[in-house]
Structure formats: structure tokens, C-alpha cells
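Report on one structure; see the data block that follows.
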Amino acid sequence: MASSYYFLLLAAVLALASWQAIASDPSPLQDFCVADNSSRVLVNGFVCKDPKDVKADDFFLAAKLDMPRDTKTNKVGSNVTLINVMRIPGLNTLGISLARIDYASLGENPPHTHPHATEILTVLEGTLYVGFVTSNPENKFLSKVLNRGDVFVFPEGLIHFQFNPNPHKPAVAIAALSSQNPGAITIANAVFGSKPTISDDVLAKAFQVDKKTVDWLQAQFWTDNQN
């Protein structure tokens with residue numbers, strides 16, 4: 001009888017541990033936990049505001065997502081407007097965020113990854129060529145051309161991109177992400193635009209090119225398309 005009890009206890013502990021391991025954002029244990037941005041306490045996420053002080057505006061943002069964004073401010077020709085917990089405190093612990101992405105003609109949201117979130121994207125206007133690459137060792141490339149109303153999913157943590165192949169018309173998409181703070185690592189920016197820079201010996205070896213090529217890439221102005 002005692003052995004059965006300890007077996008069930010061990011199974012429960014393992015189940016709890018595995019849930020914590022696979023969860024991107026942990027499920028809330030209350031109706032909401034509005035972020036208290038004035039708190040100096042450091043936690044994984046944000047400290048909760050006192051529920052008595054919560055207002056409707058904590059869940060609201062006049063984001064004007066119906067308005068086109070400027071895609072001429074960077075070389076890649078895109079503009080990502082991310083609505084996350086930093087902009088809506090009420091998103092804290094709810095495990096979701098949203099982005100509007102504007103693409104100039106031949107513009108792209110360059111290869112990047114979201115370390116904390118899966119993304120589901122739908123095209124509102126125009127056409128997009130999208131894709132992602134699976135992890136090592138296969139590195140399988142999966143891609144698709146999307147038209148207005150089409151939907152595509154990018155699994156959490158995988159490198160992916162969107163490109164507008166139309167040389168004459170812009171494109172617009174909306175993406176939902178499974179984290180209050182999905183994070184974004186743009187591959188080229190991270191590798192060649194890091195501060196301080198990664199040794200050109202390391203990058204020349206990794207990319208199998210000469211150091212002059214690496215030095216030239218590191219000298220480029222790596223801009224961010226995230227707003």
C-alpha cells in the first residue's frame with residue numbers, strides 16, 4: 001500500500017515537472033495579473049498589480065492597427081508593430097500577444113526566431129512567401145506562398161521569415177503569438193551586429209568564408225524592424 005502511495009506521489013511530481021518544462025508561459029492561477037510596472041521586484045514576468053487598483057485601461061491600447069506603418073525606415077522594407085505585455089499590462093500571465101506586420105514591395109521580415117512563442121500568421125493584404133527551417137540535423141526547409149486570407153504557423157523557436165514577392169504592391173499581415181513576451185532574434189543582426197562583435201575568426205570558420213567578408217558584413221548598419 002505504501003509503495004503504491006509513493007509511486008503515485010512520484011508520478012504526480014514528474015507530471016508537474018514535465019508540465020513546467022513544456023509550458024511556454026505558465027497558466028494563470030487567477031482571473032488576471034495586471035503587470036505592476038512600478039515594482040522593483042524581479043520575477044519571471046511582472047509582479048501583479050493589486051486587483052483593487054486594476055482598471056479597464058490596463059487591458060486596452062489605442063494601437064491604431066488599422067493604419068499603415070512606414071516601411072521605409074530600414075533596409076529590409078518591413079515594419080513590425082508588436083503588442084505585448086510591455087504595451088498592455090493586462091497581458092501579464094495570459095500567454096498571448098499580437099503583431100501587425102507591414103511589408104513594402106519586395107520587403108521582408110528577415111529570418112528570425114521567437115524563443116518563447118509559436119506564431120500563427122494571416123495575410124490581410126497582398127501575397128507573402130513564407131517559410132521556416134527545422135532543427136539540426138535535418139534542417140528541412142518548409143515554405144509556402146500565401147494569399148489574402150491564408151494562414152500559416154511557425155513553430156516555437158524555429159528560424160522563419162516572410163517576404164513580399166510583389167514588386168509593385170505592399171502586403172499586410174497579422175500574427176498572434178503564444179507568449180506575453182515572445183522575444184525576437186533576427187539572425188543577421190545577432191550574428192553580424194552583436195555588441196561587442198563576435199570574433200571574425202569564429203564567424204569565418206562557421207560560415208566558411210574569409211575574414212574580409214565577415215568584416216564587411218559586420219560593418220553594415222544592422223537595423224531593427226520591430227516597433
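To be explicit about the labels: the chains of the C-alpha cells are called A, B, and onward in the order shown, and within each one the residues are counted from 1, while ligands get numbers from 1 in the order they are shown.
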
Contacts of range 140-155 of chain A within 9 Å, only C-alpha atoms, excl. fewer than 6 positions in-chain, as a PyMOL selection string: chain A and resi 114+117-134+173

Can I get the selection written as a short mmCIF file (atom, residue, chain, number, x, y, z; two decimals), in the first residue's frame, with N, CA and C atoms?
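Printed below is again32.cif as written:
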data_model
loop_
_atom_site.label_atom_id
_atom_site.label_comp_id
_atom_site.auth_asym_id
_atom_site.auth_seq_id
_atom_site.Cartn_x
_atom_site.Cartn_y
_atom_site.Cartn_z
N HIS A 114 11.48 33.29 -32.59
CA HIS A 114 10.84 33.72 -31.35
C HIS A 114 11.15 32.66 -30.29
N ALA A 117 7.76 31.63 -28.21
CA ALA A 117 6.39 31.56 -28.73
C ALA A 117 6.28 30.89 -30.09
N THR A 118 5.15 30.21 -30.27
CA THR A 118 4.69 29.80 -31.59
C THR A 118 3.92 30.96 -32.19
N GLU A 119 3.99 31.09 -33.51
CA GLU A 119 3.33 32.20 -34.20
C GLU A 119 2.34 31.66 -35.23
N ILE A 120 1.16 32.25 -35.29
CA ILE A 120 0.21 31.95 -36.35
C ILE A 120 -0.09 33.27 -37.08
N LEU A 121 0.12 33.26 -38.38
CA LEU A 121 0.07 34.47 -39.19
C LEU A 121 -1.01 34.37 -40.25
N THR A 122 -1.74 35.46 -40.46
CA THR A 122 -2.72 35.51 -41.54
C THR A 122 -2.48 36.74 -42.40
N VAL A 123 -2.61 36.59 -43.70
CA VAL A 123 -2.37 37.68 -44.64
C VAL A 123 -3.66 38.48 -44.81
N LEU A 124 -3.56 39.78 -44.58
CA LEU A 124 -4.71 40.66 -44.76
C LEU A 124 -4.75 41.28 -46.14
N GLU A 125 -3.58 41.63 -46.67
CA GLU A 125 -3.49 42.23 -48.00
C GLU A 125 -2.22 41.74 -48.69
N GLY A 126 -2.34 41.48 -50.00
CA GLY A 126 -1.16 41.12 -50.78
C GLY A 126 -0.81 39.64 -50.74
N THR A 127 0.43 39.36 -51.07
CA THR A 127 0.96 38.00 -51.15
C THR A 127 2.26 37.92 -50.37
N LEU A 128 2.47 36.80 -49.68
CA LEU A 128 3.71 36.59 -48.94
C LEU A 128 4.28 35.21 -49.24
N TYR A 129 5.59 35.17 -49.42
CA TYR A 129 6.33 33.90 -49.48
C TYR A 129 6.93 33.70 -48.10
N VAL A 130 6.54 32.60 -47.43
CA VAL A 130 6.96 32.38 -46.05
C VAL A 130 7.60 31.00 -45.91
N GLY A 131 8.35 30.83 -44.84
CA GLY A 131 8.93 29.52 -44.60
C GLY A 131 9.66 29.45 -43.28
N PHE A 132 9.98 28.22 -42.86
CA PHE A 132 10.79 28.00 -41.67
C PHE A 132 11.69 26.79 -41.88
N VAL A 133 12.72 26.70 -41.06
CA VAL A 133 13.70 25.63 -41.15
C VAL A 133 13.67 24.82 -39.85
N THR A 134 13.63 23.49 -39.97
CA THR A 134 13.60 22.65 -38.78
C THR A 134 14.99 22.58 -38.14
N ALA A 173 0.08 41.75 -42.80
CA ALA A 173 -0.30 40.51 -42.10
C ALA A 173 -0.52 40.83 -40.63
#

Neighbour list for Thr81 in chain A as a PyMOL selection string, cut-off 7 Å, only C-alpha atoms, skip fewer than 4 positions in-chain: chain A and resi 99-101+226-227

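Here the question is which of A:Leu158, A:Cys33, A:Leu177, A:Val80 gets nearest to Lys49 in chain A using only C-alpha atoms, and that residue is A:Cys33.
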
Residue set, range 58-167 of chain A restricted to strand (DSSP E), as a ChimeraX atom specification: /A:78-83,97-103,108-113,119-125,128-133,141-146,151-154,159-163

Which of range 6-227 of chain A DSSP labels alpha helix (DSSP H), written as a PyMOL selection string: chain A and resi 6-22+187-192+200-207+211-218

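Distance annotation: of A:Thr213, A:Ser38, A:Asn74, A:Asn136, the residue with the minimal separation from Pro89 in chain A is A:Ser38; atom set is only C-alpha atoms.
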
12 Å contact set for Val202 in chain A, only C-alpha atoms, chain neighbours under 6 positions out, as a list in words: Val191, Phe192, Gln208, Val209, Asp210, Lys211, Val214 and Asp215 of chain A
